>>> print(open('start_10.cif').read())   # mmCIF, C-alpha atoms
data_run
loop_
_atom_site.label_atom_id
_atom_site.label_comp_id
_atom_site.auth_asym_id
_atom_site.auth_seq_id
_atom_site.Cartn_x
_atom_site.Cartn_y
_atom_site.Cartn_z
CA MET A 1 111.94 100.25 119.81
CA SER A 2 110.85 102.25 116.80
CA SER A 3 108.01 104.71 117.03
CA LEU A 4 104.78 104.29 115.14
CA ALA A 5 104.55 108.02 114.60
CA PRO A 6 107.52 110.27 113.88
CA VAL A 7 107.80 113.68 115.47
CA ALA A 8 105.47 116.08 113.70
CA SER A 9 106.98 118.95 111.80
CA PRO A 10 105.70 122.49 112.39
CA ASN A 11 103.92 122.36 109.02
CA SER A 12 102.22 118.98 109.60
CA SER A 13 98.47 118.65 109.50
CA ALA A 14 96.23 116.59 111.80
CA VAL A 15 96.38 113.76 109.27
CA ARG A 16 99.73 112.37 108.15
CA ASP A 17 101.06 112.95 104.64
CA ASP A 18 103.79 110.30 104.89
CA PRO A 19 103.08 106.57 105.08
CA ASN A 20 102.49 105.02 108.48
CA PRO A 21 103.17 101.45 109.61
CA PHE A 22 99.50 100.51 109.44
CA GLU A 23 99.46 101.09 105.68
CA GLN A 24 102.15 98.43 105.42
CA ILE A 25 100.54 96.08 107.93
CA PHE A 26 97.09 96.26 106.36
CA GLY A 27 98.56 96.07 102.85
CA HIS A 28 100.55 92.96 103.77
CA TYR A 29 97.49 91.19 105.18
CA ALA A 30 95.27 92.33 102.30
CA GLU A 31 97.73 90.80 99.84
CA ARG A 32 98.41 87.63 101.81
CA LEU A 33 94.72 86.98 102.52
CA ARG A 34 93.35 88.24 99.20
CA ASP A 35 91.20 85.12 98.72
CA ALA A 36 89.64 85.27 102.18
CA PRO A 37 85.93 86.00 102.67
CA GLY A 38 86.77 89.32 104.34
CA ALA A 39 89.44 90.38 101.86
CA ARG A 40 87.47 93.48 100.83
CA VAL A 41 87.49 94.72 104.43
CA LEU A 42 91.27 94.25 104.60
CA VAL A 43 91.65 96.23 101.37
CA ARG A 44 89.46 99.00 102.81
CA LEU A 45 91.64 99.08 105.94
CA ALA A 46 94.75 99.42 103.77
CA GLN A 47 93.15 102.15 101.64
CA THR A 48 92.05 104.21 104.65
CA ALA A 49 95.20 103.82 106.76
CA ARG A 50 96.73 107.05 105.48
CA ARG A 51 93.86 108.98 107.07
CA ILE A 52 94.58 107.80 110.62
CA PRO A 53 95.01 111.05 112.58
CA GLU A 54 98.43 111.87 113.98
CA PRO A 55 97.15 112.24 117.58
CA LEU A 56 95.71 108.71 117.50
CA LEU A 57 99.00 107.32 116.17
CA ALA A 58 100.90 109.24 118.86
CA ARG A 59 98.69 107.81 121.64
CA LEU A 60 99.06 104.34 120.17
CA THR A 61 102.85 104.77 120.00
CA ALA A 62 102.92 105.77 123.67
CA SER A 63 100.95 102.63 124.57
CA VAL A 64 103.23 100.41 122.47
CA VAL A 65 106.32 101.88 124.13
CA GLU A 66 104.77 101.42 127.58
CA ILE A 67 103.89 97.76 126.94
CA ASP A 68 107.28 97.09 125.28
CA ASP A 69 106.37 93.62 123.99
CA PRO A 70 106.43 93.55 120.15
CA GLN A 71 105.38 89.89 119.91
CA PHE A 72 102.34 90.47 122.12
CA ILE A 73 101.26 93.52 120.14
CA GLY A 74 101.98 91.78 116.83
CA ASN A 75 99.88 88.79 117.90
CA ASP A 76 97.02 91.10 118.88
CA ILE A 77 97.07 92.82 115.49
CA ALA A 78 97.45 89.54 113.57
CA VAL A 79 94.62 87.76 115.39
CA HIS A 80 92.24 90.65 114.86
CA LEU A 81 93.14 90.88 111.17
CA PHE A 82 92.65 87.11 110.78
CA GLU A 83 89.24 87.57 112.38
CA VAL A 84 88.47 90.30 109.87
CA SER A 85 89.54 88.10 106.98
CA HIS A 86 87.90 84.84 108.04
CA CYS A 87 85.30 85.60 110.71
CA ASP A 88 82.66 88.23 111.27
CA ALA A 89 84.89 90.95 112.71
CA ARG A 90 84.18 94.23 110.92
CA TYR A 91 85.73 97.67 111.06
CA ALA A 92 84.43 100.62 109.07
CA ASN A 93 87.95 101.81 108.29
CA ALA A 94 91.54 101.81 109.53
CA MET A 95 90.81 104.46 112.14
CA ALA A 96 88.17 102.20 113.72
CA PHE A 97 90.63 99.28 113.78
CA VAL A 98 93.43 101.38 115.30
CA SER A 99 91.02 102.93 117.83
CA ALA A 100 89.96 99.46 118.96
CA LEU A 101 93.64 98.44 119.17
CA GLU A 102 94.38 101.51 121.28
CA LYS A 103 91.56 100.58 123.69
CA ARG A 104 92.84 97.00 124.01
CA LEU A 105 96.39 98.20 124.65
CA ARG A 106 95.14 100.68 127.24
CA CYS A 107 93.25 97.84 128.94
CA TYR A 108 96.43 95.73 128.97
CA ILE A 109 98.34 98.62 130.57
CA ASP A 110 95.65 99.31 133.16
CA ASN A 111 95.08 95.65 134.05
CA PRO A 112 98.25 93.51 134.20
CA VAL A 113 96.20 90.38 134.99
CA ALA A 114 94.17 90.84 131.79
CA ALA A 115 97.39 91.49 129.87
CA SER A 116 98.95 88.30 131.19
CA ALA A 117 95.90 86.24 130.24
CA ALA A 118 95.74 87.92 126.81
CA ARG A 119 99.44 87.22 126.13
CA GLY A 120 98.95 83.45 126.33
CA ASP A 121 95.61 83.49 124.56
CA LEU A 122 96.80 85.67 121.68
CA GLN A 123 99.99 83.67 121.25
CA GLU A 124 97.99 80.43 120.94
CA ARG A 125 95.36 81.97 118.66
CA ALA A 126 97.96 83.59 116.38
CA ALA A 127 99.89 80.32 116.12
CA TRP A 128 96.69 78.41 115.36
CA TRP A 129 95.62 80.86 112.64
CA ARG A 130 99.07 80.84 111.04
CA MET A 131 99.16 77.03 111.06
CA ALA A 132 95.68 76.75 109.58
CA LEU A 133 96.34 79.31 106.85
CA ASN A 134 99.74 77.85 106.00
CA ARG A 135 98.24 74.35 105.82
CA ALA A 136 95.42 75.63 103.60
CA SER A 137 98.01 77.25 101.34
CA GLU A 138 100.03 74.03 101.15
CA LEU A 139 96.96 72.03 100.22
CA SER A 140 95.62 74.73 97.88
CA ARG A 141 92.29 74.34 99.60
CA TRP A 142 89.94 76.83 101.14
CA PRO A 143 90.92 77.52 104.79
CA ALA A 144 87.41 76.78 106.09
CA ILE A 145 87.73 73.17 104.91
CA VAL A 146 91.18 72.78 106.43
CA LEU A 147 90.02 74.40 109.67
CA THR A 148 87.06 72.02 109.86
CA GLU A 149 89.28 69.00 109.20
CA THR A 150 91.79 70.19 111.82
CA THR A 151 89.06 70.67 114.41
CA LEU A 152 87.44 67.30 113.71
CA ALA A 153 90.79 65.49 113.85
CA SER A 154 91.55 66.87 117.34
#
>>> encode(input="start_10.cif", output="structure tokens")
Amino acid sequence: MSSLAPVASPNSSAVRDDPNPFEQIFGHYAERLRDAPGARVLVRLAQTARRIPEPLLARLTASVVEIDDPQFIGNDIAVHLFEVSHCDARYANAMAFVSALEKRLRCYIDNPVAASAARGDLQERAAWWRMALNRASELSRWPAIVLTETTLAS
């Protein structure tokens, strides 16, 4: 499994100079969800990702390696970014998002029962969001309308 944070060089500062995976993740979601109500927050996350401190990325990397379930972690990140883009979830910047992610991952490590419950829940929620957003894209209609129609049809 690849590391989120490479080994620091002797001349590295507390904040990374090279790109980190969260710049790419946030940038991808900001582009894909650019018409969403929370698109500005996604752009702010992408713009501030470079300032995530190295120690935070290192702790997060250790948690990711310990959990060793890329789909679970990917679903967690995706669901929370969908909630930023289409719900009321707010983060001041990328560091706040990554700090919250680190706390969730730590909880999953410390409580296997919670992790097991979260795995199923996040998988269902991520699949639902992807389906709703893909359907909205196909119909060229605002996701809120498609989500309402999907909910009412159930």
>>> atom_distance(input="start_10.cif", atom1="CA of Gln123 in chain A", atom2="CA of Val65 in chain A")
19.5 Å
>>> resolve_selection(input="start_10.cif", expression="the PyMOL selection byres ((chain A and resi 85-87) around 12)", output="ChimeraX atom specification")
/A:26,29-45,78-84,88-91,129,132-133,142-144,147
>>> atom_distance(input="start_10.cif", atom1="CA of Gly74 in chain A", atom2="CA of Pro21 in chain A")
12.1 Å
>>> closest_residue(input="start_10.cif", among="A:Ala94, A:Glu124, A:Glu66, A:Asn75", to="Tyr108 in chain A", atoms="all atoms listed in the file")
A:Glu66
>>> atom_distance(input="start_10.cif", atom1="CA of Ala115 in chain A", atom2="CA of Ser63 in chain A")
12.8 Å
>>> closest_residue(input="start_10.cif", among="A:Asn111, A:Gln24, A:Ala100, A:Asp76", to="Arg125 in chain A", atoms="all atoms listed in the file")
A:Asp76
>>> closest_residue(input="start_10.cif", among="A:Ala49, A:Leu105, A:Val113, A:Leu57", to="Pro70 in chain A", atoms="all atoms listed in the file")
A:Leu105
>>> resolve_selection(input="start_10.cif", expression="the PyMOL selection byres ((chain A and resi 52) around 10)", output="list of chain:residue names")
A:Ala14, A:Val15, A:Arg16, A:Asn20, A:Phe22, A:Glu23, A:Thr48, A:Ala49, A:Arg50, A:Arg51, A:Pro53, A:Glu54, A:Pro55, A:Leu56, A:Leu57, A:Asn93, A:Ala94, A:Met95, A:Ala96, A:Phe97, A:Val98, A:Ser99
>>> closest_residue(input="start_10.cif", among="A:Ala136, A:Ala92, A:Ile67, A:Ala118", to="Gln47 in chain A", atoms="only C-alpha atoms")
A:Ala92
>>> axis_aligned_box(input="start_10.cif", around="range 98-116 of chain A", padding_each_side="4 Å", output="JSON")
{"center_x": 94.5, "center_y": 95.6, "center_z": 125.1, "size_x": 17.0, "size_y": 22.6, "size_z": 27.7}
